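Notes to accompany the following structure.
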Amino acid sequence: MLLEMEHITITAGQKNILKNFFLNIKEKELVALVGASGSGKSILAHSIIGITPESVICSGVIKYKGNILTEEIKSKLLGNEIVLIPQNTSYLDPLMKVGMQVAKGKKDKKHLQKVKELFQKYNMEHSVINQYPFMLSGGMTRRVFICSALMETPKLVIADEPTPGLHKEMAQKVVSHFREIADMGAGVLMITHDLELAISTADKIIVLYNGEIMEVTKAENFKSEHTLYHYYTKALWKAMPKNGFQNITIYRTNEKGCPFAQYCKKSKKQCITDEIPYFKKEESIIKCLFAGGEKQCY
């Protein structure tokens with residue numbers, strides 16, 4: 001297993017941002033973490049590579065290739081074997097040309113040639129190499145981040161909201177690049193609020209709601225409501241344009257139990273008052289007492 005996360009809880013002050021989070025990513029696998037804004041997705045990406053604010057506390061176990069991902073290991077691997085593709089364009093130096101940033105300041109022929117090849121691969125004119133970040137469109141900025149990540153040969157790529165502000169066609173192009181990176185041998189964690197894009201690209205989807213995993217399932221299971229098990233996941237399916245665009249409520253009132261319990265037509269008292277374990281059904285994992293899970297896990 002390339003990346004393993006177990007019993008991850010992230011808090012800021014008295015607030016739980018993520019609770020009992022778990023994740024497994026293999027080589028050549030693209031996993032999409034899907035959730036609404038504010039559900040804790042980006043803070044998870046930052047916790048993996050260790051760039052959370054001091055006020056944020058992360059507990060649990062993170063392993064990379066079977067070993068605990070310590071600060072020492074991170075310092076050796078970040079930027080080459082493990083890379084973050086951020087959503088915030090402020091990660092680019094506004095005073096340095098983007099080509100030189102992708103080359104990480106190296107001016108030898110080998111690195112400059114690779115920059116040229118990567119820009120060609122991701123359909124950017126040679127002239128973009130000599131442009132500054134403010135001169136780039138949103139789509140070009142995303143592709144520059146991808147090129148920067150591929151200057152080395154990454155084994156784990158974390159893409160944090162790679163498509164905000166992009167029109168549908170460009171967003172599809174950007175996520176197709178992550179599929180390509182996975183097919184080249186890397187494990188990819190794509191964090192997104194766009195369920196349709198995730199379904200079209202990912203192998204596996206983790207559905208997050210109010211900082212808790214509701215369901216982990218194959219992307220292909222979103223072809224039908226009947227192959228989805230948690231009632232929040234079913235509500236997401238119904239909210240997709242092709243399935244009727246039904247309104248979905250994402251406000252939580254109960255502190256314990258299933259965070260979606262008050263909106264679920266099949267919920268019982270214990271769904272609100274009790275801690276809900278995770279169950280496995282076929283290859284899916286569901287946080288639900290009544291979804292027909294066969295055995296308890298996590």
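Within each chain, counting starts at residue 1; across the structure tokens, chains are named A, B, ... in the order shown, with ligands numbered 1 upward in that order.
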
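Excluding Thr153 (chain A) itself and same-chain residues fewer than 2 positions from it, the residues having an atom within 10 Å of it are Gly79, Asn80, Glu81, Ile82, Val83, Ala149, Leu150, Met151, Lys155, Leu156, Ile181, Met184, Gly185 and Ala186 of chain A, counting only C-alpha atoms.
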
For the selection just defined, write its residues with N, CA, C and O atoms to a file, as a tab-separated table (two decimals), in the first residue's frame.
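After the write, again-v6.tsv holds the following:
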```tsv
chain	number	residue	atom	x	y	z
A	79	GLY	N	8.20	17.22	-2.49
A	79	GLY	CA	8.68	17.96	-3.65
A	79	GLY	C	9.26	17.09	-4.74
A	79	GLY	O	9.48	17.54	-5.85
A	80	ASN	N	9.53	15.82	-4.42
A	80	ASN	CA	10.02	14.92	-5.46
A	80	ASN	C	9.19	13.63	-5.51
A	80	ASN	O	8.51	13.36	-6.48
A	81	GLU	N	9.22	12.83	-4.42
A	81	GLU	CA	8.44	11.59	-4.44
A	81	GLU	C	7.00	11.82	-3.99
A	81	GLU	O	6.09	11.14	-4.45
A	82	ILE	N	6.81	12.77	-3.09
A	82	ILE	CA	5.46	13.16	-2.65
A	82	ILE	C	5.25	14.62	-3.02
A	82	ILE	O	6.04	15.48	-2.62
A	83	VAL	N	4.22	14.92	-3.80
A	83	VAL	CA	4.02	16.30	-4.24
A	83	VAL	C	2.58	16.74	-3.98
A	83	VAL	O	1.64	15.96	-4.07
A	149	ALA	N	5.03	19.35	-10.64
A	149	ALA	CA	5.00	18.07	-9.93
A	149	ALA	C	5.72	16.99	-10.71
A	149	ALA	O	6.37	16.11	-10.12
A	150	LEU	N	5.63	17.03	-12.04
A	150	LEU	CA	6.19	15.97	-12.87
A	150	LEU	C	7.65	16.20	-13.26
A	150	LEU	O	8.21	15.41	-14.02
A	151	MET	N	8.27	17.26	-12.76
A	151	MET	CA	9.70	17.44	-13.00
A	151	MET	C	10.50	16.29	-12.39
A	151	MET	O	11.55	15.90	-12.90
A	155	LYS	N	5.65	9.52	-6.68
A	155	LYS	CA	4.95	8.29	-6.36
A	155	LYS	C	3.58	8.57	-5.77
A	155	LYS	O	2.66	7.76	-5.91
A	156	LEU	N	3.46	9.74	-5.09
A	156	LEU	CA	2.19	10.13	-4.49
A	156	LEU	C	1.91	11.58	-4.84
A	156	LEU	O	2.73	12.46	-4.56
A	181	ILE	N	-1.53	10.66	-14.79
A	181	ILE	CA	-0.45	10.52	-13.80
A	181	ILE	C	-0.59	9.20	-13.05
A	181	ILE	O	0.39	8.50	-12.80
A	184	MET	N	0.43	6.32	-15.11
A	184	MET	CA	1.89	6.26	-15.25
A	184	MET	C	2.55	5.57	-14.06
A	184	MET	O	3.74	5.28	-14.09
A	185	GLY	N	1.77	5.30	-12.99
A	185	GLY	CA	2.31	4.54	-11.87
A	185	GLY	C	2.17	5.18	-10.50
A	185	GLY	O	2.44	4.53	-9.49
A	186	ALA	N	1.74	6.43	-10.43
A	186	ALA	CA	1.63	7.11	-9.14
A	186	ALA	C	0.29	6.82	-8.48
A	186	ALA	O	-0.68	6.45	-9.15
```

As JSON, numbers by chain, please: the residues near Thr89 (chain A) (cut-off 8 Å, only C-alpha atoms, same-chain neighbours under 3 positions excluded).
{"A": [86, 92, 141]}

Show me, as a VMD selection string, the residues that have an atom within 9 Å of Gly211 (chain A) when counting only C-alpha atoms, minus same-chain residues fewer than 4 positions from it.
chain A and resid 16 to 21 35 38 to 41

Just all heavy atoms for this one: save the residues we selected as a PDB file, in the first residue's frame.
```
ATOM      1  N   ASN A  16     -13.967  19.690  16.030  1.00  0.00           N
ATOM      2  CA  ASN A  16     -13.474  18.587  15.216  1.00  0.00           C
ATOM      3  C   ASN A  16     -13.629  18.937  13.741  1.00  0.00           C
ATOM      4  O   ASN A  16     -14.741  19.168  13.270  1.00  0.00           O
ATOM      5  CB  ASN A  16     -14.264  17.309  15.498  1.00  0.00           C
ATOM      6  CG  ASN A  16     -13.695  16.526  16.654  1.00  0.00           C
ATOM      7  OD1 ASN A  16     -12.553  16.728  17.042  1.00  0.00           O
ATOM      8  ND2 ASN A  16     -14.491  15.633  17.214  1.00  0.00           N
ATOM      9  N   ILE A  17     -12.519  18.990  13.024  1.00  0.00           N
ATOM     10  CA  ILE A  17     -12.580  19.233  11.583  1.00  0.00           C
ATOM     11  C   ILE A  17     -12.753  17.914  10.840  1.00  0.00           C
ATOM     12  O   ILE A  17     -13.547  17.803   9.905  1.00  0.00           O
ATOM     13  CB  ILE A  17     -11.307  19.955  11.105  1.00  0.00           C
ATOM     14  CG1 ILE A  17     -11.168  21.297  11.835  1.00  0.00           C
ATOM     15  CG2 ILE A  17     -11.346  20.173   9.596  1.00  0.00           C
ATOM     16  CD1 ILE A  17      -9.870  22.006  11.554  1.00  0.00           C
ATOM     17  N   LEU A  18     -12.004  16.899  11.254  1.00  0.00           N
ATOM     18  CA  LEU A  18     -12.161  15.543  10.733  1.00  0.00           C
ATOM     19  C   LEU A  18     -12.226  14.582  11.906  1.00  0.00           C
ATOM     20  O   LEU A  18     -11.538  14.784  12.917  1.00  0.00           O
ATOM     21  CB  LEU A  18     -10.988  15.153   9.831  1.00  0.00           C
ATOM     22  CG  LEU A  18     -10.939  15.689   8.401  1.00  0.00           C
ATOM     23  CD1 LEU A  18      -9.667  15.216   7.724  1.00  0.00           C
ATOM     24  CD2 LEU A  18     -12.147  15.247   7.605  1.00  0.00           C
ATOM     25  N   LYS A  19     -13.028  13.532  11.767  1.00  0.00           N
ATOM     26  CA  LYS A  19     -13.206  12.568  12.858  1.00  0.00           C
ATOM     27  C   LYS A  19     -13.080  11.150  12.323  1.00  0.00           C
ATOM     28  O   LYS A  19     -13.788  10.770  11.397  1.00  0.00           O
ATOM     29  CB  LYS A  19     -14.581  12.780  13.506  1.00  0.00           C
ATOM     30  CG  LYS A  19     -14.873  11.846  14.656  1.00  0.00           C
ATOM     31  CD  LYS A  19     -16.259  12.139  15.215  1.00  0.00           C
ATOM     32  CE  LYS A  19     -16.628  11.175  16.321  1.00  0.00           C
ATOM     33  NZ  LYS A  19     -18.011  11.427  16.816  1.00  0.00           N
ATOM     34  N   ASN A  20     -12.146  10.392  12.901  1.00  0.00           N
ATOM     35  CA  ASN A  20     -11.956   8.972  12.562  1.00  0.00           C
ATOM     36  C   ASN A  20     -11.853   8.747  11.062  1.00  0.00           C
ATOM     37  O   ASN A  20     -12.488   7.856  10.493  1.00  0.00           O
ATOM     38  CB  ASN A  20     -13.091   8.125  13.141  1.00  0.00           C
ATOM     39  CG  ASN A  20     -12.749   6.638  13.144  1.00  0.00           C
ATOM     40  OD1 ASN A  20     -11.573   6.270  13.151  1.00  0.00           O
ATOM     41  ND2 ASN A  20     -13.759   5.795  13.136  1.00  0.00           N
ATOM     42  N   PHE A  21     -11.022   9.542  10.414  1.00  0.00           N
ATOM     43  CA  PHE A  21     -10.849   9.443   8.963  1.00  0.00           C
ATOM     44  C   PHE A  21      -9.886   8.301   8.634  1.00  0.00           C
ATOM     45  O   PHE A  21      -8.912   8.058   9.349  1.00  0.00           O
ATOM     46  CB  PHE A  21     -10.296  10.764   8.418  1.00  0.00           C
ATOM     47  CG  PHE A  21     -10.161  10.796   6.928  1.00  0.00           C
ATOM     48  CD1 PHE A  21     -11.217  11.193   6.130  1.00  0.00           C
ATOM     49  CD2 PHE A  21      -8.974  10.409   6.319  1.00  0.00           C
ATOM     50  CE1 PHE A  21     -11.101  11.212   4.748  1.00  0.00           C
ATOM     51  CE2 PHE A  21      -8.845  10.428   4.940  1.00  0.00           C
ATOM     52  CZ  PHE A  21      -9.912  10.828   4.150  1.00  0.00           C
ATOM     53  N   GLY A  35     -16.509  16.286  -1.088  1.00  0.00           N
ATOM     54  CA  GLY A  35     -17.277  16.882  -0.006  1.00  0.00           C
ATOM     55  C   GLY A  35     -17.521  18.347  -0.274  1.00  0.00           C
ATOM     56  O   GLY A  35     -16.832  18.970  -1.086  1.00  0.00           O
ATOM     57  N   GLY A  38     -15.805  23.417   3.314  1.00  0.00           N
ATOM     58  CA  GLY A  38     -15.857  23.436   4.768  1.00  0.00           C
ATOM     59  C   GLY A  38     -15.982  22.076   5.417  1.00  0.00           C
ATOM     60  O   GLY A  38     -16.116  21.966   6.634  1.00  0.00           O
ATOM     61  N   SER A  39     -15.911  20.997   4.618  1.00  0.00           N
ATOM     62  CA  SER A  39     -16.066  19.657   5.183  1.00  0.00           C
ATOM     63  C   SER A  39     -14.749  19.064   5.674  1.00  0.00           C
ATOM     64  O   SER A  39     -14.738  17.948   6.199  1.00  0.00           O
ATOM     65  CB  SER A  39     -16.700  18.715   4.140  1.00  0.00           C
ATOM     66  OG  SER A  39     -15.909  18.646   2.973  1.00  0.00           O
ATOM     67  N   GLY A  40     -13.633  19.783   5.500  1.00  0.00           N
ATOM     68  CA  GLY A  40     -12.354  19.321   6.035  1.00  0.00           C
ATOM     69  C   GLY A  40     -11.409  18.727   5.016  1.00  0.00           C
ATOM     70  O   GLY A  40     -10.378  18.156   5.374  1.00  0.00           O
ATOM     71  N   LYS A  41     -11.706  18.888   3.736  1.00  0.00           N
ATOM     72  CA  LYS A  41     -10.906  18.236   2.699  1.00  0.00           C
ATOM     73  C   LYS A  41      -9.490  18.806   2.601  1.00  0.00           C
ATOM     74  O   LYS A  41      -8.510  18.072   2.596  1.00  0.00           O
ATOM     75  CB  LYS A  41     -11.600  18.365   1.333  1.00  0.00           C
ATOM     76  CG  LYS A  41     -13.027  17.846   1.292  1.00  0.00           C
ATOM     77  CD  LYS A  41     -13.604  17.863  -0.100  1.00  0.00           C
ATOM     78  CE  LYS A  41     -13.563  19.218  -0.790  1.00  0.00           C
ATOM     79  NZ  LYS A  41     -14.342  20.249  -0.077  1.00  0.00           N
TER      80      LYS A  41
END
```

Could you give me, as a Markdown table, a per-residue list for region 73-151 of chain A showing, wherever an atom lies at most 10 Å from an atom of region 189-202 of chain A, the closest pair of atoms and their distance in Å to one decimal, using only C-alpha atoms and sorting by chain then residue number from low to high?
```
| residue | atom | partner | partner_atom | distance |
| --- | --- | --- | --- | --- |
| A:Leu84 | CA | A:Leu189 | CA | 9.6 |
| A:Ile85 | CA | A:Met190 | CA | 9.4 |
| A:Gln87 | CA | A:Ile191 | CA | 9.7 |
```

Write out the residues from the selection above, keeping N, CA, C and O atoms, as a PDB file, in the first residue's frame.
```pdb
ATOM      1  N   LEU A  84       2.449  18.019  -3.645  1.00  0.00           N
ATOM      2  CA  LEU A  84       1.144  18.646  -3.473  1.00  0.00           C
ATOM      3  C   LEU A  84       0.897  19.589  -4.636  1.00  0.00           C
ATOM      4  O   LEU A  84       1.750  20.425  -4.964  1.00  0.00           O
ATOM      5  N   ILE A  85      -0.257  19.450  -5.260  1.00  0.00           N
ATOM      6  CA  ILE A  85      -0.699  20.407  -6.267  1.00  0.00           C
ATOM      7  C   ILE A  85      -1.779  21.246  -5.602  1.00  0.00           C
ATOM      8  O   ILE A  85      -2.904  20.785  -5.415  1.00  0.00           O
ATOM      9  N   GLN A  87      -4.492  24.349  -4.453  1.00  0.00           N
ATOM     10  CA  GLN A  87      -5.553  25.095  -5.119  1.00  0.00           C
ATOM     11  C   GLN A  87      -5.250  26.579  -5.145  1.00  0.00           C
ATOM     12  O   GLN A  87      -5.761  27.310  -5.984  1.00  0.00           O
TER      13      GLN A  87
END
```

Filtered DSSP result for region 100-224 of chain A, state helix (DSSP H, G or I), as a ChimeraX atom specification:
/A:100-102,109-121,126-130,133-135,138-149,168-183,195-201,219-223

Going by DSSP on the backbone, which residues of region 32-124 of chain A come out as strand (DSSP E or B)? List them as a PyMOL selection string.
chain A and resi 32-34+56-64+67-68+78+82-85

Taking only C-alpha atoms into account, produce a table as a tab-separated table in which each residue of region 111-217 of chain A with an atom at most 12 Å from an atom of region 263-276 of chain A appears once, together with its shortest atom pair and the distance in Å to one decimal, ordered by chain and rising number.
```
residue	atom	partner	partner_atom	distance
A:Glu212	CA	A:Ile276	CA	10.8
A:Ile213	CA	A:Ile276	CA	11.1
A:Met214	CA	A:Ile276	CA	10.3
```

If you count only C-alpha atoms, which residues fall within 10 Å of Tyr278 (chain A), apart from same-chain ones fewer than 2 positions away, as a list in words?
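In the requested format, the answer is Ile213, Met214, Glu215, Glu275, Ile276, Lys280, Lys281, Ile285, Ile286, Lys287, Cys288, Leu289, Gly293, Lys295, Gln296, Cys297 and Tyr298 of chain A.
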
So which one's closest to Ile43 (chain A), A:Leu23, A:Ala171, A:Ala12, A:Ile248? Using only C-alpha atoms, please.
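Closest candidate: A:Ala12.
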
Using only C-alpha atoms, the residue out of A:Phe119, A:Phe279, A:Phe290, A:Phe178 with shortest distance to Ile158 (chain A) is A:Phe178
